[in-house]
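Enquirer: File work.txt follows (compact mmCIF, C-alpha atoms):
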```txt
# COMPACT_ATOMS: atom_id res chain seq x y z
CA MET J 1 4.57 15.96 64.83
CA PRO J 2 3.59 12.31 64.43
CA ARG J 3 5.90 10.11 62.43
CA TRP J 4 3.36 9.61 59.63
CA GLN J 5 3.10 13.38 59.17
CA LYS J 6 6.88 13.69 58.91
CA LEU J 7 6.88 10.96 56.33
CA PHE J 8 4.08 12.65 54.42
CA PHE J 9 5.85 16.01 54.33
CA GLY J 10 9.06 14.31 53.26
CA VAL J 11 7.37 12.64 50.33
CA ALA J 12 5.48 15.82 49.42
CA PHE J 13 8.71 17.84 49.47
CA LEU J 14 10.45 15.34 47.21
CA ALA J 15 7.52 15.36 44.80
CA LEU J 16 7.43 19.15 44.58
CA ALA J 17 11.21 19.34 44.24
CA CYS J 18 10.98 17.13 41.18
CA VAL J 19 8.58 19.44 39.34
CA PRO J 20 11.12 22.01 38.09
CA ALA J 21 13.48 19.30 36.82
CA TRP J 22 10.59 17.54 35.10
CA GLY J 23 9.57 20.64 33.21
CA GLN J 24 13.04 21.38 31.89
CA GLY J 25 13.39 18.36 29.60
CA THR J 26 13.74 18.75 25.84
CA PRO J 27 10.27 19.19 24.42
CA ALA J 28 9.03 16.34 22.27
CA PRO J 29 8.33 17.17 18.64
CA PRO J 30 4.76 18.17 17.77
CA ALA J 31 2.41 15.21 17.45
CA PRO J 32 1.62 14.54 13.77
CA ILE J 33 -2.06 14.77 12.84
CA PRO J 34 -3.67 11.89 10.91
CA VAL J 35 -5.33 12.58 7.56
CA PRO J 36 -9.00 13.18 8.33
CA GLY J 37 -10.29 10.62 5.82
CA GLY J 38 -9.37 7.01 5.23
CA ASP J 39 -10.64 3.58 4.37
CA VAL J 40 -13.72 2.39 6.21
CA LEU J 41 -13.32 -1.34 6.84
CA PRO J 42 -15.19 -0.58 9.29
CA PRO J 43 -14.24 1.28 11.44
CA LEU J 44 -12.55 4.17 9.64
CA PHE J 45 -8.77 3.88 9.48
CA ASN J 46 -6.92 7.08 8.72
CA VAL J 47 -5.09 5.53 5.78
CA PHE J 48 -5.99 5.24 2.11
CA SER J 49 -4.91 2.45 -0.22
CA PRO J 50 -3.37 3.92 -3.38
CA GLY J 51 -3.29 1.73 -6.47
CA VAL J 52 -5.57 0.32 -9.11
CA GLY J 53 -7.58 -2.81 -8.52
CA ALA J 54 -9.89 -4.45 -6.05
CA PHE J 55 -9.86 -2.93 -2.56
CA LEU J 56 -7.66 -0.03 -3.73
CA ASP J 57 -8.62 3.66 -3.91
CA GLY J 58 -7.04 4.66 -7.23
CA GLN J 59 -3.60 5.49 -8.55
CA ASP J 60 -3.66 9.07 -7.28
CA ALA J 61 -5.15 8.33 -3.88
CA GLU J 62 -3.43 9.98 -0.92
CA PRO J 63 -0.45 7.84 0.15
CA ASN J 64 0.14 9.76 3.36
CA ILE J 65 -1.31 9.06 6.78
CA ILE J 66 -0.18 12.47 8.08
CA THR J 67 -1.93 15.69 7.14
CA ASN J 68 -0.36 19.17 7.03
CA PHE J 69 2.73 17.55 5.50
CA THR J 70 5.16 18.48 2.76
CA GLY J 71 8.04 16.20 1.86
CA HIS J 72 9.18 12.85 0.51
CA VAL J 73 6.94 9.82 0.39
CA ALA J 74 7.69 6.19 -0.49
CA MET J 75 5.32 3.26 -0.33
CA GLY J 76 4.70 -0.14 -1.86
CA TYR J 77 2.83 -3.38 -1.44
CA THR J 78 4.99 -6.48 -1.41
CA LEU J 79 4.89 -10.24 -1.29
CA GLY J 80 7.55 -12.44 0.25
CA THR J 81 8.42 -15.36 2.45
CA ALA J 82 9.71 -15.82 5.97
CA THR J 83 11.10 -18.63 8.09
CA ASP J 84 10.77 -18.77 11.86
CA ASN J 85 13.12 -20.17 14.50
CA LYS J 86 11.45 -23.60 14.22
CA GLY J 87 11.77 -23.82 10.47
CA ASN J 88 8.15 -22.99 9.69
CA GLN J 89 7.51 -21.13 6.44
CA TYR J 90 5.21 -18.14 6.09
CA ALA J 91 3.88 -15.96 3.30
CA VAL J 92 4.56 -12.29 3.94
CA ILE J 93 2.42 -9.38 2.70
CA THR J 94 3.57 -5.88 3.54
CA ASP J 95 2.52 -2.26 3.07
CA ILE J 96 5.40 -0.19 4.39
CA ARG J 97 5.40 3.58 3.87
CA ILE J 98 7.98 6.25 4.61
CA TYR J 99 7.43 9.98 5.13
CA GLN J 100 10.21 12.51 5.59
CA GLY J 101 9.57 16.24 5.57
CA ASP J 102 8.01 19.20 7.32
CA TYR J 103 4.68 18.96 9.04
CA VAL J 104 2.36 20.98 11.21
CA GLY J 105 1.43 19.00 14.27
CA GLY J 106 -0.16 19.69 17.60
CA VAL J 107 1.54 20.75 20.79
CA PRO J 108 -0.24 20.86 24.13
CA THR J 109 -0.59 24.51 25.02
CA TYR J 110 -3.46 24.85 27.45
CA ILE J 111 -3.66 23.48 30.95
CA GLY J 112 -5.98 20.69 29.89
CA GLY J 113 -3.61 19.63 27.11
CA GLY J 114 -5.43 21.55 24.38
CA THR J 115 -3.30 21.95 21.27
CA THR J 116 -2.07 24.72 19.06
CA SER J 117 -0.27 24.27 15.73
CA ALA J 118 3.50 23.93 15.49
CA LYS J 119 5.69 23.30 12.45
CA SER J 120 8.45 20.74 12.66
CA HIS J 121 10.50 18.25 10.64
CA GLY J 122 10.45 14.51 11.01
CA THR J 123 10.74 11.05 9.52
CA PHE J 124 7.97 8.52 9.99
CA VAL J 125 7.33 4.96 8.94
CA LEU J 126 4.04 3.08 8.64
CA ILE J 127 4.62 -0.63 9.22
CA MET R 128 6.07 5.59 14.24
CA GLN R 129 8.61 8.40 14.24
CA ILE R 130 12.14 7.30 13.42
CA PRO R 131 15.51 9.03 13.20
CA ASP R 132 16.10 11.06 10.04
CA ASP R 133 19.26 9.14 9.20
CA ALA R 134 17.37 5.84 8.96
CA VAL R 135 16.23 7.02 5.52
CA LYS R 136 18.43 7.95 2.55
CA ILE R 137 16.91 9.77 -0.39
CA THR R 138 18.62 10.10 -3.77
CA ASP R 139 17.40 11.18 -7.19
CA ASN R 140 16.24 7.68 -8.11
CA ALA R 141 15.71 5.78 -4.88
CA VAL R 142 14.68 5.83 -1.26
CA THR R 143 16.27 3.41 1.17
CA ILE R 144 15.38 2.74 4.77
CA SER R 145 17.46 0.84 7.28
CA LEU R 146 15.61 0.56 10.56
CA LYS R 147 17.22 -1.35 13.43
CA ASN R 148 15.52 -2.70 16.53
CA ALA R 149 12.25 -0.83 16.31
CA SER R 150 9.85 -1.66 19.13
CA VAL R 151 6.58 -3.01 17.75
CA VAL R 152 3.68 -5.15 18.92
CA ASP R 153 2.84 -8.32 17.00
CA GLN R 154 -0.91 -8.34 16.46
CA PHE R 155 -2.70 -11.56 15.65
CA THR R 156 -5.67 -10.08 13.86
CA PHE R 157 -6.37 -7.14 11.62
CA PRO R 158 -7.52 -4.63 12.71
CA GLY R 159 -5.27 -4.97 15.75
CA GLY R 160 -5.70 -3.60 19.23
CA ALA R 161 -6.91 -5.07 22.44
CA GLY R 162 -10.59 -4.59 21.65
CA ASN R 163 -10.42 -6.35 18.34
CA ASN R 164 -8.33 -9.18 19.72
CA LEU R 165 -10.81 -10.03 22.44
CA GLY R 166 -8.44 -9.01 25.19
CA ILE R 167 -5.21 -10.15 23.57
CA ALA R 168 -3.14 -7.01 23.24
CA GLY R 169 -0.37 -8.55 21.15
CA VAL R 170 3.23 -9.48 21.89
CA PRO R 171 5.99 -6.88 22.26
CA ALA R 172 8.67 -7.49 19.65
CA THR R 173 11.69 -5.97 17.98
CA LEU R 174 11.77 -5.44 14.23
CA SER R 175 14.60 -4.59 11.86
CA PHE R 176 14.35 -4.16 8.12
CA ASP R 177 16.09 -2.77 5.05
CA ILE R 178 14.10 -1.71 1.99
CA THR R 179 15.01 0.03 -1.25
CA TYR R 180 12.34 1.78 -3.31
CA SER R 181 13.42 2.56 -6.90
CA LYS R 182 11.77 4.96 -9.34
CA SER R 183 10.52 3.82 -12.70
CA GLY R 184 8.95 5.63 -15.63
CA ALA R 185 7.89 9.25 -15.89
CA PRO R 186 6.50 11.34 -13.04
CA ARG R 187 2.80 11.95 -12.48
CA HIS R 188 1.86 15.47 -11.50
CA VAL R 189 -0.92 15.06 -9.00
CA LYS R 190 -3.26 17.97 -8.32
CA PRO R 191 -6.16 18.06 -5.91
CA THR R 192 -9.42 17.34 -7.68
CA THR R 193 -11.60 18.19 -4.69
CA THR R 194 -11.64 20.40 -1.62
CA ASP R 195 -13.33 17.70 0.45
CA PRO R 196 -11.01 17.20 3.45
CA LEU R 197 -12.04 13.56 3.76
CA SER R 198 -11.31 12.68 0.13
CA PRO R 199 -8.20 10.74 -0.95
CA PHE R 200 -7.80 13.17 -3.85
CA ASN R 201 -7.21 16.41 -1.91
CA TRP R 202 -3.41 16.61 -2.19
CA ALA R 203 -0.70 17.62 -4.66
CA GLY R 204 2.62 16.12 -5.62
CA GLU R 205 5.01 14.69 -8.15
CA MET R 206 5.06 10.91 -7.96
CA TRP R 207 6.85 8.11 -9.76
CA ASP R 208 5.85 4.48 -9.88
CA ALA R 209 8.35 2.44 -7.88
CA THR R 210 9.49 -1.08 -7.30
CA ASN R 211 10.88 -2.15 -3.97
CA SER R 212 12.56 -5.05 -2.26
CA GLY R 213 13.76 -5.72 1.24
CA THR R 214 14.69 -8.02 4.06
CA PHE R 215 13.51 -8.14 7.64
CA SER R 216 13.96 -9.89 10.96
CA LEU R 217 11.68 -9.94 13.97
CA SER R 218 11.97 -11.39 17.45
CA TYR R 219 9.63 -11.41 20.40
CA ASN R 220 11.04 -9.66 23.44
CA ASP R 221 10.45 -12.78 25.53
CA GLY R 222 12.54 -14.86 23.11
CA THR R 223 9.79 -17.35 22.24
CA PHE R 224 9.61 -16.52 18.55
CA SER R 225 11.77 -15.07 15.83
CA ALA R 226 11.59 -14.99 12.06
CA GLN R 227 13.38 -13.52 9.10
CA GLY R 228 12.53 -13.16 5.48
CA SER R 229 12.51 -11.11 2.32
CA PHE R 230 9.96 -9.52 0.03
CA ASP R 231 9.61 -7.53 -3.16
CA SER R 232 6.96 -5.60 -5.01
CA ALA R 233 6.32 -8.47 -7.45
CA GLY R 234 4.29 -6.27 -9.77
CA ASN R 235 2.22 -4.69 -7.01
CA PHE R 236 1.67 -0.95 -6.78
CA GLY R 237 4.34 1.28 -5.28
CA GLU R 238 5.36 4.89 -5.64
CA ILE R 239 7.85 7.46 -4.46
CA GLY R 240 7.85 11.22 -4.80
CA PHE R 241 7.18 14.52 -3.14
CA GLU R 242 3.81 15.60 -1.85
CA ARG R 243 2.04 18.28 0.14
CA ASN R 244 -1.35 18.15 1.80
CA GLY R 245 -3.49 19.79 4.46
CA SER R 246 -2.33 23.24 5.45
CA PHE R 247 0.64 22.91 3.06
CA GLY R 248 -1.86 22.71 0.22
CA GLU R 249 -2.98 25.37 -2.19
CA ASP R 250 -3.42 28.22 0.30
CA GLY R 251 0.03 27.77 1.87
CA ARG R 252 -1.12 28.54 5.42
CA ALA R 253 1.52 26.29 6.99
CA ALA R 254 4.41 28.12 5.35
CA LYS R 255 3.68 31.12 7.57
CA LEU R 256 4.12 29.20 10.81
CA PRO R 257 7.48 29.44 12.60
CA ALA R 258 9.48 26.29 13.21
CA THR R 259 9.09 24.79 16.65
CA PRO R 260 11.96 25.00 19.16
CA GLY R 261 13.25 21.55 20.02
CA ALA R 262 12.92 20.24 16.47
CA PRO R 263 14.30 18.59 14.43
CA TYR R 264 14.14 15.07 15.70
CA PRO R 265 17.40 13.37 16.87
CA VAL R 266 19.36 12.18 13.87
CA GLN R 267 21.09 9.02 15.06
CA ASN R 268 19.80 5.59 14.12
CA GLN R 269 19.59 4.44 17.67
CA PRO R 270 19.53 1.09 19.42
CA ASN R 271 16.31 -0.41 20.61
CA VAL R 272 15.80 1.28 23.95
CA ALA R 273 16.48 4.81 22.80
CA LEU R 274 14.37 4.34 19.70
CA ALA R 275 11.47 3.07 21.75
CA GLN R 276 11.69 6.03 24.08
CA ASN R 277 11.74 8.49 21.23
CA THR R 278 8.86 6.78 19.49
CA GLN R 279 6.77 7.03 22.60
CA GLY R 280 7.77 10.64 22.98
CA ALA R 281 6.35 11.43 19.57
CA GLN R 282 2.89 10.59 20.76
CA GLN R 283 2.97 12.09 24.21
CA PRO R 284 2.73 15.60 25.58
CA PRO R 285 6.18 17.18 25.48
CA SER R 286 6.76 18.23 29.04
CA GLY R 287 5.91 17.27 32.55
CA PRO R 288 2.98 18.35 34.67
CA LYS R 289 1.87 21.93 34.42
CA PHE R 290 0.83 22.83 37.96
CA ARG R 291 -0.82 26.15 38.47
CA GLY R 292 -1.66 27.99 41.69
CA LYS R 293 -1.18 26.84 45.26
CA ILE R 294 -1.73 23.35 46.59
CA PRO R 295 -3.42 23.43 50.02
CA ILE R 296 -1.31 20.76 51.71
CA ARG R 297 -2.83 21.46 55.12
CA ASP R 298 -6.26 20.64 53.74
CA LEU R 299 -4.95 17.31 52.53
CA ILE R 300 -3.66 16.11 55.91
CA HIS R 301 -6.69 17.00 58.03
```
If you took the structure in this file and wrote it as structure tokens, what would it be?

Expert:
Amino acid sequence: MPRWQKLFFGVAFLALACVPAWGQGTPAPPAPIPVPGGDVLPPLFNVFSPGVGAFLDGQDAEPNIITNFTGHVAMGYTLGTATDNKGNQYAVITDIRIYQGDYVGGVPTYIGGGTTSAKSHGTFVLI
Amino acid sequence: MQIPDDAVKITDNAVTISLKNASVVDQFTFPGGAGNNLGIAGVPATLSFDITYSKSGAPRHVKPTTTDPLSPFNWAGEMWDATNSGTFSLSYNDGTFSAQGSFDSAGNFGEIGFERNGSFGEDGRAAKLPATPGAPYPVQNQPNVALAQNTQGAQQPPSGPKFRGKIPIRDLIH
């Protein structure tokens, strides 16, 4: 057997030997699903802007970016200041949101990666 | 971005978050992303922040006013107006830039509460699903590397390759 064939079989064996170990890792949690609607800027972003005023969607607009969710939500728009490592000053505007609860996300189930639903618990932050 | 459960504390009147060394990408335009930045994908950075959201006033009982799945008014919950304040620090991974600062709600809109949407809505379909093995998410507020790995894991398929059938190795080497 030529040397290149030995090398090929060696590499192939190592690759196949890794497959069982690969598949035994702890499964990742289900991928959360974005809310289907959102603000069109354009394009469409799967996030609404709760609040009253210009460019906002209304006080009772959906604050979540995850659908199929039940749990705690916190959000708020802020103003502030920052200073960098050269002493420059900046104005800071933030919209930071927190979600903690149960959700139904997608897990890859079919050979092509097609999903089915799975319920899980998680904490997420929108920065 | 998924984060550890213990990064967030929830009490009757407040929600606090203390996130350390989260891996982010500093975008120079909004919307971000390589396409919208004309090829500039942003700078990898590390972000830490502490924020406290505090309830104020009486709760609002929100009910869905439409069944349109694309509407912002297709959810239910009990929400309170909220003020918030926080501090943050950020540094580029290559060390060329860092900044720190503080912010507060300054009269802008904020809210905290409990909500349900989608399949947890009125028909309660989601309640019938079993919990997924492998959940819940790890509970430690982890250092940068572990947090980054877990964050990536939240958006990727859970396991390795799913080979099926036989691979004709002999066909490959001829």

Enquirer: Tell me, in Å to one decimal, how far CA of Ser183 in chain R is from CA of Asn211 in chain R.

Expert: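 It comes out at 10.6 Å.
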
Enquirer: Looking at all atoms listed in the file, which of J:Thr123, J:Thr115, J:Thr109, J:Gln59 is the one that sits closest to chain R?

Expert: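 Using all atoms listed in the file, chain R sits closest to J:Thr123.
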
Enquirer: If we count only C-alpha atoms, what is near range 97-105 of chain J at a cut-off of 8 Å, once residues fewer than 2 positions away on the same chain are taken out, given as a ChimeraX atom specification?

Expert: /J:30-33,64,67-76,95,107,117-127 /R:132,246,253

Enquirer: What is the distance between CA of Thr116 in chain J and CA of Pro34 in chain J, in Å to one decimal?

Expert: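 Taking CA of Thr116 in chain J as the start and CA of Pro34 in chain J as the end point, the length is 15.3 Å.
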
Enquirer: In Å, rounded to a single decimal, give me how far CA of Glu205 in chain R is from CA of Pro257 in chain R.

Expert: 25.6 Å

Enquirer: Might you pull out every residue within 8 Å of Gly80 in chain J, with all atoms listed in the file counted and same-chain residues fewer than 3 positions away left off, and present them as JSON, numbers by chain?

Expert: {"J": [91, 92, 93], "R": [228, 229, 230, 231]}

Enquirer: Skip Val170 in chain R itself and residues of its chain fewer than 2 positions away, then list as a PyMOL selection string all residues within 7 Å of it, counting only C-alpha atoms.

Expert: chain R and resi 152-154+168+172+219

Enquirer: Given all atoms listed in the file as the basis, pick out the residue of R:Pro186, R:Gly248, R:Gly169, R:Leu217 nearest to Asn201 in chain R.

Expert: R:Gly248

Enquirer: Please provide as a list of chain:residue names all residues within 12 Å of Val52 in chain J, with the sequence filter that same-chain residues fewer than 6 positions apart are discarded (counting only C-alpha atoms).

Expert: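 Surrounding residues, per the criterion: J:Gly58, J:Gln59, J:Asp60, J:Ala61, J:Tyr77, R:Gly234, R:Asn235, R:Phe236, R:Gly237.
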
Enquirer: I need the residues from that last selection saved to file as an mmCIF file, in the coordinates of the input (with C-alpha atoms), if you can.

Expert:
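Output contents, as saved in again-v5.cif:
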```cif
data_model
loop_
_atom_site.group_PDB
_atom_site.id
_atom_site.type_symbol
_atom_site.label_atom_id
_atom_site.label_comp_id
_atom_site.auth_asym_id
_atom_site.auth_seq_id
_atom_site.Cartn_x
_atom_site.Cartn_y
_atom_site.Cartn_z
ATOM 1 C CA GLY J 58 -7.040 4.660 -7.230
ATOM 2 C CA GLN J 59 -3.600 5.490 -8.550
ATOM 3 C CA ASP J 60 -3.660 9.070 -7.280
ATOM 4 C CA ALA J 61 -5.150 8.330 -3.880
ATOM 5 C CA TYR J 77 2.830 -3.380 -1.440
ATOM 6 C CA GLY R 234 4.290 -6.270 -9.770
ATOM 7 C CA ASN R 235 2.220 -4.690 -7.010
ATOM 8 C CA PHE R 236 1.670 -0.950 -6.780
ATOM 9 C CA GLY R 237 4.340 1.280 -5.280
#
```

Enquirer: Pick out the closest residue to Ile178 in chain R from this set: R:Glu242, R:Pro131, R:Ser218, R:Thr210. Count all atoms listed in the file.

Expert: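 Looking at the shortest contact to Ile178 in chain R, the residue is R:Thr210.
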